[in-house]
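Reproduced below: my_file.cif, with mmCIF, C-alpha atoms.
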data_work
loop_
_atom_site.label_atom_id
_atom_site.label_comp_id
_atom_site.auth_asym_id
_atom_site.auth_seq_id
_atom_site.Cartn_x
_atom_site.Cartn_y
_atom_site.Cartn_z
CA MET I 13 36.45 7.20 6.88
CA ARG I 14 35.98 3.45 6.51
CA THR I 15 35.98 2.95 10.31
CA TYR I 16 33.29 5.62 10.72
CA LEU I 17 31.24 3.98 7.96
CA LYS I 18 31.79 0.53 9.41
CA TRP I 19 30.32 1.65 12.72
CA GLY I 20 27.97 4.35 11.54
CA LEU I 21 26.07 2.49 8.82
CA PRO I 22 25.09 -0.60 10.86
CA ILE I 23 24.05 1.72 13.72
CA LEU I 24 22.02 3.81 11.25
CA ILE I 25 20.34 0.71 9.79
CA ALA I 26 19.63 -0.73 13.26
CA GLY I 27 18.28 2.66 14.36
CA LEU I 28 16.05 2.88 11.29
CA ILE I 29 14.68 -0.63 11.82
CA ALA I 30 14.13 0.09 15.53
CA TYR I 31 12.33 3.38 14.74
CA LEU I 32 10.10 1.83 12.06
CA SER I 33 9.36 -1.20 14.27
CA TRP I 34 8.42 1.08 17.17
CA GLY I 35 6.22 3.19 14.87
CA PHE I 36 4.64 0.04 13.45
CA THR I 37 3.84 -1.55 16.85
CA THR I 38 2.51 1.76 18.24
CA LYS I 39 0.22 2.27 15.25
CA LEU I 40 -0.88 -1.36 15.26
CA HIS I 41 -1.68 -1.21 18.99
CA HIS I 42 -3.71 1.99 18.45
CA LYS I 43 -5.49 0.44 15.50
CA GLN I 44 -6.50 -2.63 17.51
CA LYS I 45 -7.71 -0.47 20.44
CA THR I 46 -9.71 1.75 18.08
CA ALA I 47 -11.23 -1.27 16.30
CA GLU I 48 -12.48 -2.48 19.70
CA ARG I 49 -13.69 0.97 20.79
CA ILE I 50 -15.77 1.70 17.67
CA GLN I 51 -17.75 -1.51 18.05
CA THR I 52 -20.13 0.77 19.97
CA LEU I 53 -20.58 4.45 19.16
CA PRO I 54 -17.76 6.11 21.15
CA ALA I 55 -18.19 9.32 23.14
CA PHE I 56 -17.24 12.23 20.89
CA THR I 57 -17.75 15.94 20.45
CA ALA I 58 -17.82 17.77 17.13
CA TYR I 59 -18.83 21.30 16.11
CA THR I 60 -21.57 22.00 13.60
CA LEU I 61 -21.57 24.88 11.12
CA ASN I 62 -23.49 27.11 13.56
CA ARG I 63 -20.89 26.34 16.27
CA SER I 64 -23.25 24.12 18.28
CA ILE I 65 -22.12 20.80 19.65
CA VAL I 66 -22.99 17.41 18.21
CA ASN I 67 -22.17 14.33 20.28
CA SER I 68 -23.40 10.82 21.00
CA ALA I 69 -26.10 12.27 23.32
CA THR I 70 -27.55 14.56 20.62
CA ILE I 71 -27.91 11.59 18.28
CA GLY I 72 -30.27 9.93 20.76
CA ASN I 73 -31.78 6.51 20.07
CA ARG I 74 -31.52 6.67 16.32
CA PRO I 75 -29.26 4.87 13.90
CA ALA I 76 -26.20 6.99 13.11
CA VAL I 77 -24.08 7.33 10.01
CA ILE I 78 -20.72 9.03 10.42
CA VAL I 79 -18.95 9.94 7.20
CA TYR I 80 -15.38 11.22 7.53
CA PHE I 81 -14.54 13.37 4.52
CA ASP I 82 -12.38 16.09 3.06
CA PRO I 83 -14.00 18.90 1.04
CA ASP I 84 -11.20 18.72 -1.58
CA CYS I 85 -11.58 14.99 -2.25
CA ASP I 86 -13.45 14.08 -5.46
CA HIS I 87 -14.95 10.91 -3.98
CA CYS I 88 -16.21 12.87 -0.96
CA GLN I 89 -17.82 15.49 -3.20
CA ARG I 90 -19.63 12.74 -5.10
CA GLU I 91 -20.61 11.15 -1.78
CA ALA I 92 -22.10 14.47 -0.63
CA ASP I 93 -24.09 14.81 -3.88
CA GLU I 94 -25.37 11.25 -3.49
CA LEU I 95 -26.45 12.02 0.08
CA ARG I 96 -28.32 15.14 -1.01
CA GLN I 97 -30.14 13.30 -3.81
CA LYS I 98 -31.05 10.22 -1.77
CA ALA I 99 -31.23 11.60 1.77
CA ALA I 100 -34.78 10.22 2.12
CA LEU I 101 -33.36 6.69 2.18
CA LEU I 102 -31.58 7.58 5.43
CA ASN I 103 -34.37 9.57 7.08
CA THR I 104 -34.53 7.24 10.07
CA ALA I 105 -30.87 7.95 10.83
CA GLN I 106 -28.77 10.89 11.92
CA VAL I 107 -26.06 11.49 9.34
CA ILE I 108 -22.96 13.36 10.44
CA LEU I 109 -20.51 14.47 7.78
CA LEU I 110 -17.35 14.85 9.83
CA SER I 111 -14.26 16.64 8.60
CA SER I 112 -11.03 18.13 9.90
CA ALA I 113 -11.29 21.07 7.51
CA PRO I 114 -11.94 24.51 9.11
CA LEU I 115 -15.56 25.53 9.69
CA PRO I 116 -15.57 28.30 7.00
CA THR I 117 -14.43 25.73 4.41
CA LEU I 118 -17.11 23.33 5.58
CA THR I 119 -19.76 26.06 5.32
CA THR I 120 -18.74 26.70 1.70
CA PHE I 121 -18.82 22.94 1.03
CA ALA I 122 -22.29 22.55 2.57
CA LYS I 123 -23.62 25.44 0.46
CA ALA I 124 -22.03 24.14 -2.74
CA HIS I 125 -23.56 20.69 -2.24
CA GLN I 126 -26.86 22.02 -0.83
CA LEU I 127 -26.62 20.11 2.43
CA HIS I 128 -28.02 22.95 4.57
CA ASP I 129 -31.68 22.12 4.20
CA LEU I 130 -31.40 18.38 4.93
CA LEU I 131 -32.88 17.81 8.37
CA ASN I 132 -31.11 14.53 9.15
CA VAL I 133 -27.69 15.59 7.82
CA GLN I 134 -25.21 17.65 9.83
CA VAL I 135 -21.82 18.83 8.64
CA ALA I 136 -19.42 19.04 11.57
CA HIS I 137 -15.78 19.71 12.39
CA MET I 138 -13.46 17.55 14.47
CA ASP I 139 -9.70 18.04 14.49
CA LYS I 140 -7.58 15.44 12.73
CA LYS I 141 -5.90 14.07 15.88
CA THR I 142 -9.20 13.61 17.71
CA ALA I 143 -10.80 11.98 14.64
CA TYR I 144 -7.87 9.54 14.48
CA GLU I 145 -7.89 8.82 18.20
CA THR I 146 -11.67 8.49 18.54
CA PHE I 147 -12.68 6.69 15.34
CA GLY I 148 -9.34 5.70 13.80
CA PHE I 149 -10.11 7.85 10.74
CA VAL I 150 -7.12 8.26 8.42
CA ALA I 151 -8.25 8.10 4.80
CA VAL I 152 -11.35 9.69 3.25
CA PRO I 153 -14.15 8.92 2.74
CA ASP I 154 -14.64 6.53 5.65
CA VAL I 155 -18.16 5.52 6.68
CA LEU I 156 -19.29 4.13 10.04
CA ILE I 157 -22.88 2.91 10.36
CA TYR I 158 -24.39 2.37 13.82
CA HIS I 159 -27.66 0.72 14.82
CA ALA I 160 -30.09 2.59 17.08
CA ASP I 161 -28.66 0.73 20.11
CA GLY I 162 -25.20 2.16 19.33
CA SER I 163 -23.65 -1.07 18.05
CA LEU I 164 -21.54 -0.92 14.91
CA SER I 165 -23.36 -2.30 11.91
CA LYS I 166 -20.80 -1.81 9.14
CA ARG I 167 -17.71 0.13 8.16
CA PHE I 168 -17.14 1.10 4.54
CA ARG I 169 -13.84 2.52 3.40
CA GLY I 170 -14.03 4.60 0.23
CA GLU I 171 -16.92 6.00 -1.76
CA THR I 172 -20.15 4.27 -0.71
CA SER I 173 -23.62 4.44 -2.20
CA VAL I 174 -26.52 5.65 -0.07
CA GLU I 175 -28.33 2.40 -0.92
CA ALA I 176 -25.47 0.39 0.61
CA ILE I 177 -25.54 2.55 3.76
CA ALA I 178 -29.36 2.19 4.00
CA ARG I 179 -29.07 -1.60 3.79
CA HIS I 180 -27.02 -1.63 6.99
CA LEU I 181 -29.09 0.73 9.15
CA MET F 7 34.40 -11.63 6.13
CA HIS F 8 37.59 -12.12 4.11
CA LEU F 9 37.22 -11.94 0.39
CA SER F 10 39.81 -12.17 -2.34
CA ASN F 11 42.06 -9.11 -2.44
CA THR F 12 44.00 -10.25 -5.46
CA LEU F 13 41.98 -8.29 -8.01
CA SER F 14 42.43 -4.59 -8.47
CA LEU F 15 39.49 -2.23 -8.81
CA GLN F 16 40.23 -1.83 -12.51
CA ASP F 17 40.00 -5.59 -13.02
CA ILE F 18 36.62 -5.77 -11.37
CA GLU F 19 35.02 -2.53 -12.46
CA LYS F 20 34.51 -2.96 -16.17
CA PRO F 21 33.34 -0.01 -18.25
CA PRO F 22 29.55 0.29 -18.63
CA SER F 23 28.58 -2.57 -20.86
CA GLU F 24 26.20 -2.07 -23.71
CA ASN F 25 24.88 -5.55 -22.96
CA GLY F 26 24.02 -4.44 -19.43
CA TRP F 27 21.91 -1.53 -20.68
CA LEU F 28 20.40 -3.73 -23.38
CA LEU F 29 19.36 -6.19 -20.70
CA PHE F 30 17.96 -3.32 -18.63
CA ALA F 31 15.94 -2.17 -21.64
CA ALA F 32 14.79 -5.75 -22.35
CA ILE F 33 13.69 -6.31 -18.73
CA THR F 34 11.86 -2.99 -18.69
CA VAL F 35 10.10 -3.82 -21.96
CA VAL F 36 9.07 -7.26 -20.63
CA SER F 37 7.83 -5.64 -17.39
CA LEU F 38 5.82 -3.14 -19.45
CA LEU F 39 4.38 -5.93 -21.60
CA LEU F 40 3.41 -7.95 -18.53
CA THR F 41 1.72 -4.89 -17.00
CA PHE F 42 -0.09 -4.18 -20.27
CA SER F 43 -1.18 -7.84 -20.54
CA GLY F 44 -2.34 -7.87 -16.93
CA GLN F 45 -4.36 -4.69 -17.40
CA HIS F 46 -5.99 -5.85 -20.64
CA LEU F 47 -6.27 -9.61 -20.23
CA LEU F 48 -6.87 -10.06 -16.50
CA LEU F 49 -8.56 -6.87 -15.34
CA SER F 50 -12.03 -6.44 -16.74
CA ASP F 51 -14.88 -4.06 -15.93
CA GLU F 52 -16.91 -7.08 -14.80
CA LEU F 53 -14.27 -7.85 -12.18
CA TYR F 54 -14.60 -4.35 -10.72
CA PHE F 55 -18.41 -4.55 -10.80
CA ASN F 56 -18.32 -7.86 -8.90
CA ALA F 57 -15.86 -6.55 -6.33
CA LEU F 58 -17.57 -3.21 -5.68
CA ALA F 59 -21.25 -4.04 -6.17
CA GLU F 60 -21.92 -4.32 -2.43
CA GLN F 61 -20.58 -0.83 -1.73
CA MET F 62 -21.19 1.28 -4.82
CA THR F 63 -23.90 1.96 -7.36
CA TYR F 64 -23.49 1.07 -11.04
CA GLU F 65 -22.74 4.71 -11.90
CA GLN F 66 -20.19 5.06 -9.08
CA ILE F 67 -18.37 1.92 -10.25
CA GLN F 68 -18.40 3.20 -13.83
CA LYS F 69 -16.83 6.47 -12.68
CA ALA F 70 -14.21 4.61 -10.64
CA ILE F 71 -13.33 2.42 -13.66
CA ALA F 72 -13.13 5.48 -15.93
CA GLN F 73 -10.82 7.16 -13.42
CA ASN F 74 -8.72 4.00 -13.29
CA HIS F 75 -8.41 3.91 -17.08
CA GLU F 76 -7.53 7.60 -17.12
CA TRP F 77 -4.54 7.04 -14.83
CA SER F 78 -3.41 3.64 -16.14
CA TRP F 79 -0.66 5.26 -18.26
CA LEU F 80 1.10 6.23 -15.06
CA ALA F 81 2.17 2.60 -14.47
CA TYR F 82 4.11 2.65 -17.76
CA ILE F 83 6.02 5.77 -16.66
CA ILE F 84 6.72 4.43 -13.19
CA ILE F 85 8.06 0.99 -14.24
CA PRO F 86 11.34 2.15 -15.91
CA ILE F 87 12.00 4.61 -13.05
CA PHE F 88 11.18 1.95 -10.47
CA ASN F 89 13.49 -0.58 -12.18
CA LEU F 90 16.37 1.89 -12.34
CA LEU F 91 15.89 2.79 -8.69
CA LYS F 92 15.59 -0.84 -7.62
CA PHE F 93 18.74 -2.00 -9.45
CA SER F 94 20.65 0.99 -8.09
CA LEU F 95 19.56 0.27 -4.51
CA VAL F 96 20.35 -3.46 -4.77
CA ALA F 97 23.78 -2.65 -6.28
CA ALA F 98 24.39 0.02 -3.61
CA CYS F 99 23.57 -2.43 -0.79
CA ILE F 100 25.92 -5.09 -2.16
CA SER F 101 28.61 -2.49 -2.94
CA LEU F 102 28.52 -1.24 0.64
CA GLY F 103 28.69 -4.80 1.95
CA TYR F 104 31.69 -5.50 -0.27
CA TYR F 105 33.30 -2.22 0.76
CA PHE F 106 33.09 -3.26 4.41
CA ALA F 107 34.41 -6.75 3.64
CA ALA F 108 37.22 -5.96 1.23
CA ASP F 109 37.76 -2.20 1.39
CA ARG F 110 36.88 -1.81 -2.28
CA TRP F 111 34.06 0.03 -4.01
CA VAL F 112 32.44 -1.80 -6.91
CA PHE F 113 29.13 -0.55 -8.22
CA LYS F 114 28.72 -0.96 -11.97
CA SER F 115 29.43 -4.69 -11.97
CA PHE F 116 26.96 -5.26 -9.13
CA PHE F 117 24.45 -3.09 -10.97
CA ARG F 118 24.77 -5.48 -13.91
CA VAL F 119 24.33 -8.47 -11.57
CA ALA F 120 21.16 -6.87 -10.15
CA ILE F 121 19.75 -6.46 -13.68
CA GLN F 122 20.54 -10.08 -14.57
CA ALA F 123 19.02 -11.41 -11.34
CA GLU F 124 15.80 -9.51 -12.04
CA LEU F 125 15.00 -12.07 -14.75
CA VAL F 126 14.08 -14.48 -11.92
CA LEU F 127 11.54 -12.03 -10.50
CA LEU F 128 9.74 -11.69 -13.84
CA LEU F 129 8.72 -15.36 -13.64
CA PRO F 130 6.00 -14.92 -10.96
CA SER F 131 4.29 -12.29 -13.15
CA VAL F 132 4.41 -14.65 -16.16
CA ILE F 133 3.04 -17.50 -14.02
CA LYS F 134 0.30 -15.22 -12.66
CA LEU F 135 -0.76 -14.31 -16.19
CA ILE F 136 -0.79 -17.95 -17.35
CA TRP F 137 -2.51 -19.12 -14.14
CA PHE F 138 -5.47 -16.76 -14.40
CA LEU F 139 -5.77 -17.08 -18.18
CA PHE F 140 -5.73 -20.88 -18.39
CA VAL F 141 -5.75 -22.60 -14.97
CA GLN F 142 -8.18 -20.47 -12.93
CA PRO F 143 -10.12 -18.32 -15.40
CA ASP F 144 -12.88 -17.75 -12.83
CA TYR F 145 -11.26 -15.36 -10.35
CA SER F 146 -12.00 -12.27 -8.28
CA LEU F 147 -10.15 -9.01 -7.81
CA GLN F 148 -9.02 -10.27 -4.42
CA ASP F 149 -7.59 -13.46 -6.00
CA LEU F 150 -5.50 -11.27 -8.31
CA GLN F 151 -4.31 -9.02 -5.50
CA TYR F 152 -3.17 -11.82 -3.21
CA PHE F 153 -1.77 -14.26 -5.78
CA TYR F 154 1.94 -14.97 -5.56
CA PRO F 155 3.12 -18.40 -6.73
CA LEU F 156 5.12 -20.59 -4.34
CA SER F 157 4.83 -18.12 -1.49
CA VAL F 158 4.02 -18.51 2.22
CA LEU F 159 0.88 -16.44 1.56
CA ASN F 160 -0.66 -19.46 -0.18
CA PHE F 161 -0.96 -21.20 3.20
CA PHE F 162 -3.37 -18.53 4.46
CA GLU F 163 -6.86 -17.36 3.57
CA PRO F 164 -6.46 -13.78 2.25
CA THR F 165 -9.44 -12.61 4.32
CA ALA F 166 -7.98 -14.14 7.49
CA ILE F 167 -4.75 -12.14 7.52
CA ALA F 168 -4.14 -8.51 8.44
CA PRO F 169 -3.29 -6.28 5.43
CA TRP F 170 0.16 -5.47 6.84
CA LEU F 171 1.05 -9.19 6.85
CA ALA F 172 0.33 -9.72 3.16
CA TYR F 173 3.57 -8.20 1.84
CA PRO F 174 6.03 -10.07 4.12
CA LEU F 175 4.14 -13.33 3.48
CA GLN F 176 4.24 -12.69 -0.28
CA LEU F 177 7.95 -11.96 -0.09
CA GLY F 178 8.64 -15.32 1.52
CA ASN F 179 8.67 -17.30 -1.72
CA LEU F 180 10.91 -19.63 -3.68
CA PHE F 181 11.53 -17.04 -6.43
CA GLU F 182 12.97 -14.67 -3.84
CA LEU F 183 15.28 -17.47 -2.68
CA ALA F 184 16.31 -18.10 -6.31
CA TYR F 185 16.87 -14.33 -6.70
CA TRP F 186 19.26 -14.35 -3.73
CA LEU F 187 21.10 -17.33 -5.21
CA VAL F 188 21.42 -15.68 -8.64
CA LEU F 189 22.64 -12.48 -6.97
CA ALA F 190 25.18 -14.53 -4.99
CA TYR F 191 26.31 -16.32 -8.16
CA GLY F 192 26.77 -13.00 -9.96
CA VAL F 193 28.67 -11.54 -7.02
CA SER F 194 30.89 -14.64 -6.81
CA GLN F 195 31.74 -14.19 -10.50
CA VAL F 196 32.48 -10.48 -10.16
CA ILE F 197 34.73 -10.71 -7.10
CA GLU F 198 35.93 -14.25 -7.78
CA THR F 199 34.99 -15.70 -4.44
CA PRO F 200 33.32 -19.03 -3.52
CA MET F 201 29.54 -19.13 -3.70
CA PRO F 202 28.93 -19.59 0.09
CA LYS F 203 30.96 -16.45 0.86
CA ALA F 204 29.19 -14.52 -1.90
CA PHE F 205 25.82 -15.68 -0.52
CA GLY F 206 26.89 -14.47 2.94
CA LEU F 207 27.75 -11.09 1.43
CA VAL F 208 24.37 -10.88 -0.34
CA ALA F 209 22.50 -11.96 2.82
CA ALA F 210 24.28 -9.40 4.99
CA SER F 211 24.06 -6.48 2.55
CA TYR F 212 20.98 -6.94 0.35
CA GLY F 213 19.24 -8.80 3.22
CA SER F 214 19.67 -5.80 5.55
CA GLY F 215 18.34 -3.43 2.90
CA LEU F 216 15.38 -5.71 2.26
CA LEU F 217 14.63 -5.93 5.98
CA VAL F 218 14.49 -2.11 6.23
CA TRP F 219 12.21 -2.03 3.16
CA VAL F 220 9.84 -4.70 4.54
CA VAL F 221 9.52 -2.96 7.91
CA PHE F 222 8.95 0.36 6.07
CA VAL F 223 6.17 -1.17 3.92
CA MET F 224 4.54 -2.73 7.00
CA PHE F 225 4.72 0.64 8.79
CA LEU F 226 3.15 2.41 5.80
CA THR F 227 0.41 -0.22 5.45
CA VAL F 228 -0.60 0.00 9.09
CA SER F 229 -0.44 3.81 9.02
CA LEU F 230 -2.50 4.36 5.89
CA SER F 231 -5.11 1.61 6.12
#

Structure encoded using structure tokens:
Amino acid sequence: MRTYLKWGLPILIAGLIAYLSWGFTTKLHHKQKTAERIQTLPAFTAYTLNRSIVNSATIGNRPAVIVYFDPDCDHCQREADELRQKAALLNTAQVILLSSAPLPTLTTFAKAHQLHDLLNVQVAHMDKKTAYETFGFVAVPDVLIYHADGSLSKRFRGETSVEAIARHL
Amino acid sequence: MHLSNTLSLQDIEKPPSENGWLLFAAITVVSLLLTFSGQHLLLSDELYFNALAEQMTYEQIQKAIAQNHEWSWLAYIIIPIFNLLKFSLVAACISLGYYFAADRWVFKSFFRVAIQAELVLLLPSVIKLIWFLFVQPDYSLQDLQYFYPLSVLNFFEPTAIAPWLAYPLQLGNLFELAYWLVLAYGVSQVIETPMPKAFGLVAASYGSGLLVWVVFVMFLTVSLS
């Protein structure tokens, strides 16, 4: 028993450290690559509530605000209400509320927060893996603000006021 | 590693001492008091307003503060559980190390040593409280988050380092070194072995456990941020 432990435990600890170190370096490498990529609006495809496509081309030469959210998150719900109330402050920009939740859930969310009738706001779906790989989105809400030329103006992590977003357009 | 084999398990493994549990209770109470003091004397609404003003409206900050207050009781529940878990893990690491070295299993005595050594790690929290109350009363939320006395972190600008580096740099501090020494002293008393050998045992056993923990925290930080 002791011999097994004497060999097994150090191997287990070394294996654990190796696994965590590998996971850490992989994630860090991805994070650094993503941080570089999002300095300009990356190519992406997401699906709106009416199943049409929204991508960097449909945004055109306007500033863009991409808000990654989850319909069940309190902060995101407050963010959506803020956007509805103060959407006029962002009327020069295209706002995309991006989520990995299924489209029916997003439709319910858009109705509940009355986002349907806002012309410059689109609620869209992108799967979790693609959102992570394209924008590095992990936590919600996460806000990316792009200038009209596609360069990144500011990233806010967490609940953000519409006034703060407008200041960085 | 050859350690003294002259003591029997019964000699080493004393019955659970009331003093040990009293010390555990005392350390937990002091930890709770320090947390309470930190929350009420150092953290103010103004601090949150200053830190979040660029990103949030007045109402949003108020809601965030209210939510924070609503959940602040959770810290008081977590501290005793965290302490118990921490002392158990430290004792388990050293016990395993000693088991490999001397073919004996000792846990309760090492558990007591882990509780005693914890006194050293309460000092940075006391210093932090005194520092921000009397030495640097004009501070930001970031100052509070990154403050750790006598640590490697003090050589860097908090904004200049990656978030995943903050914890390992904080952990490299003189109190941690003192903690290792107190652990080694306690171990040397329990198993009646010279201090250098006891320090070697602590470094190999607790050090390995700590290394796994640090890498795990770094992995979590980079994954979730």

Let me know the residues the PyMOL selection byres ((chain I and resi 47-57) around 8) catches in the file above, as JSON, numbers by chain.
{"I": [43, 44, 45, 46, 58, 59, 65, 66, 67, 68, 138, 146, 147, 148, 158, 162, 163, 164]}

With all atoms listed in the file considered, list every residue of chain I at most 8 Å from chain F, as a PDB file with C-alpha atoms, in the frame of the given file.
ATOM      1  CA  ARG I  14      35.980   3.450   6.510  1.00  0.00           C
ATOM      2  CA  LYS I  18      31.790   0.530   9.410  1.00  0.00           C
ATOM      3  CA  ILE I  25      20.340   0.710   9.790  1.00  0.00           C
ATOM      4  CA  LEU I  28      16.050   2.880  11.290  1.00  0.00           C
ATOM      5  CA  ILE I  29      14.680  -0.630  11.820  1.00  0.00           C
ATOM      6  CA  LEU I  32      10.100   1.830  12.060  1.00  0.00           C
ATOM      7  CA  SER I  33       9.360  -1.200  14.270  1.00  0.00           C
ATOM      8  CA  GLY I  35       6.220   3.190  14.870  1.00  0.00           C
ATOM      9  CA  PHE I  36       4.640   0.040  13.450  1.00  0.00           C
ATOM     10  CA  LYS I  39       0.220   2.270  15.250  1.00  0.00           C
ATOM     11  CA  LEU I  40      -0.880  -1.360  15.260  1.00  0.00           C
ATOM     12  CA  VAL I 150      -7.120   8.260   8.420  1.00  0.00           C
ATOM     13  CA  ALA I 151      -8.250   8.100   4.800  1.00  0.00           C
ATOM     14  CA  PHE I 168     -17.140   1.100   4.540  1.00  0.00           C
ATOM     15  CA  GLU I 171     -16.920   6.000  -1.760  1.00  0.00           C
ATOM     16  CA  THR I 172     -20.150   4.270  -0.710  1.00  0.00           C
ATOM     17  CA  SER I 173     -23.620   4.440  -2.200  1.00  0.00           C
ATOM     18  CA  GLU I 175     -28.330   2.400  -0.920  1.00  0.00           C
ATOM     19  CA  ALA I 176     -25.470   0.390   0.610  1.00  0.00           C
TER      20      ALA I 176
END

Kindly indicate which residue among F:Tyr154, F:Phe113, F:Tyr191, F:Phe161 lies nearest to F:Leu177, using only C-alpha atoms for the distances.
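Ranking F:Tyr154, F:Phe113, F:Tyr191, F:Phe161 by distance to F:Leu177, first place goes to F:Tyr154.
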
Just say which residues the PyMOL selection byres ((chain F and resi 85-95) around 9) picks in this file, as number ranges by chain.
F: 30-31, 33-35, 37-38, 80-84, 96-100, 113, 116-121, 124, 212, 215

All residues 9 Å or closer to I:His137, all atoms listed in the file, same chain fewer than 6 positions away omitted, as a ChimeraX atom specification
/I:58-61,109-115,118

Take the residues just selected and output them with C-alpha atoms as a compact mmCIF listing (two decimals), in the frame of the given file.
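Listed below is the output, again_7.txt:
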# COMPACT_ATOMS: atom_id res chain seq x y z
CA ALA I 58 -17.82 17.77 17.13
CA TYR I 59 -18.83 21.30 16.11
CA THR I 60 -21.57 22.00 13.60
CA LEU I 61 -21.57 24.88 11.12
CA LEU I 109 -20.51 14.47 7.78
CA LEU I 110 -17.35 14.85 9.83
CA SER I 111 -14.26 16.64 8.60
CA SER I 112 -11.03 18.13 9.90
CA ALA I 113 -11.29 21.07 7.51
CA PRO I 114 -11.94 24.51 9.11
CA LEU I 115 -15.56 25.53 9.69
CA LEU I 118 -17.11 23.33 5.58

Neighbour residues at most 8 Å from (11.7, -17.4, -10.2) (all atoms listed in the file) as a PyMOL selection string
chain F and resi 125-130+180-182+184-185

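Ranking F:Gly206, F:Pro164, F:Gly26, F:Gly192 by their shortest atom-to-atom distance to F:Gln176, with only C-alpha atoms included, puts F:Pro164 first.
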
Of the residues I:His87, I:His42, I:Arg63, I:His159, which is the one nearest to F:Gln73, using all atoms listed in the file?
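Closest to F:Gln73 of all the choices is I:His87.
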
Report as a PyMOL selection string the residues that result from applying the PyMOL selection byres ((chain I and resi 83) around 12) to the structure here.
chain I and resi 79-82+84-93+109-125+135-137+152-153

Store the residues picked out above, limited to C-alpha atoms, as an mmCIF file, keeping the file's coordinate frame.
data_model
loop_
_atom_site.group_PDB
_atom_site.id
_atom_site.type_symbol
_atom_site.label_atom_id
_atom_site.label_comp_id
_atom_site.auth_asym_id
_atom_site.auth_seq_id
_atom_site.Cartn_x
_atom_site.Cartn_y
_atom_site.Cartn_z
ATOM 1 C CA VAL I 79 -18.950 9.940 7.200
ATOM 2 C CA TYR I 80 -15.380 11.220 7.530
ATOM 3 C CA PHE I 81 -14.540 13.370 4.520
ATOM 4 C CA ASP I 82 -12.380 16.090 3.060
ATOM 5 C CA ASP I 84 -11.200 18.720 -1.580
ATOM 6 C CA CYS I 85 -11.580 14.990 -2.250
ATOM 7 C CA ASP I 86 -13.450 14.080 -5.460
ATOM 8 C CA HIS I 87 -14.950 10.910 -3.980
ATOM 9 C CA CYS I 88 -16.210 12.870 -0.960
ATOM 10 C CA GLN I 89 -17.820 15.490 -3.200
ATOM 11 C CA ARG I 90 -19.630 12.740 -5.100
ATOM 12 C CA GLU I 91 -20.610 11.150 -1.780
ATOM 13 C CA ALA I 92 -22.100 14.470 -0.630
ATOM 14 C CA ASP I 93 -24.090 14.810 -3.880
ATOM 15 C CA LEU I 109 -20.510 14.470 7.780
ATOM 16 C CA LEU I 110 -17.350 14.850 9.830
ATOM 17 C CA SER I 111 -14.260 16.640 8.600
ATOM 18 C CA SER I 112 -11.030 18.130 9.900
ATOM 19 C CA ALA I 113 -11.290 21.070 7.510
ATOM 20 C CA PRO I 114 -11.940 24.510 9.110
ATOM 21 C CA LEU I 115 -15.560 25.530 9.690
ATOM 22 C CA PRO I 116 -15.570 28.300 7.000
ATOM 23 C CA THR I 117 -14.430 25.730 4.410
ATOM 24 C CA LEU I 118 -17.110 23.330 5.580
ATOM 25 C CA THR I 119 -19.760 26.060 5.320
ATOM 26 C CA THR I 120 -18.740 26.700 1.700
ATOM 27 C CA PHE I 121 -18.820 22.940 1.030
ATOM 28 C CA ALA I 122 -22.290 22.550 2.570
ATOM 29 C CA LYS I 123 -23.620 25.440 0.460
ATOM 30 C CA ALA I 124 -22.030 24.140 -2.740
ATOM 31 C CA HIS I 125 -23.560 20.690 -2.240
ATOM 32 C CA VAL I 135 -21.820 18.830 8.640
ATOM 33 C CA ALA I 136 -19.420 19.040 11.570
ATOM 34 C CA HIS I 137 -15.780 19.710 12.390
ATOM 35 C CA VAL I 152 -11.350 9.690 3.250
ATOM 36 C CA PRO I 153 -14.150 8.920 2.740
#

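Relative to atom CA of F:Glu76, atom CA of F:Leu48 is found at 17.7 Å.
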
Could you work out how far atom CA of F:Val132 lies from atom CA of F:Phe42, giving the answer in Å with one decimal?
12.1 Å

Mind pulling up the distance from atom CA of I:His41 to atom CA of F:Asn160?
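Between atom CA of F:Asn160 and atom CA of I:His41 the gap works out to 26.5 Å.
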
Nearest-residue call for I:Val174, choices I:Lys140, I:Leu24, I:Thr70, I:Ala99, using all atoms listed in the file:
I:Ala99

Is there a way to complete stretch 118-123 of chain I with N, CA and C atoms and then write that out as a PDB file, in the coordinates of the input?
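Result written to part_29.pdb:
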ATOM      1  N   LEU I 118     -15.990  24.268   5.526  1.00  0.00           N
ATOM      2  CA  LEU I 118     -17.110  23.330   5.580  1.00  0.00           C
ATOM      3  C   LEU I 118     -18.428  24.018   5.237  1.00  0.00           C
ATOM      4  N   THR I 119     -18.546  25.297   5.637  1.00  0.00           N
ATOM      5  CA  THR I 119     -19.760  26.060   5.320  1.00  0.00           C
ATOM      6  C   THR I 119     -19.877  26.218   3.803  1.00  0.00           C
ATOM      7  N   THR I 120     -18.758  26.548   3.165  1.00  0.00           N
ATOM      8  CA  THR I 120     -18.740  26.700   1.700  1.00  0.00           C
ATOM      9  C   THR I 120     -19.117  25.365   1.042  1.00  0.00           C
ATOM     10  N   PHE I 121     -18.559  24.279   1.570  1.00  0.00           N
ATOM     11  CA  PHE I 121     -18.820  22.940   1.030  1.00  0.00           C
ATOM     12  C   PHE I 121     -20.317  22.593   1.154  1.00  0.00           C
ATOM     13  N   ALA I 122     -20.872  22.871   2.340  1.00  0.00           N
ATOM     14  CA  ALA I 122     -22.290  22.550   2.570  1.00  0.00           C
ATOM     15  C   ALA I 122     -23.198  23.340   1.635  1.00  0.00           C
ATOM     16  N   LYS I 123     -22.818  24.610   1.379  1.00  0.00           N
ATOM     17  CA  LYS I 123     -23.620  25.440   0.460  1.00  0.00           C
ATOM     18  C   LYS I 123     -23.503  24.904  -0.966  1.00  0.00           C
TER      19      LYS I 123
END
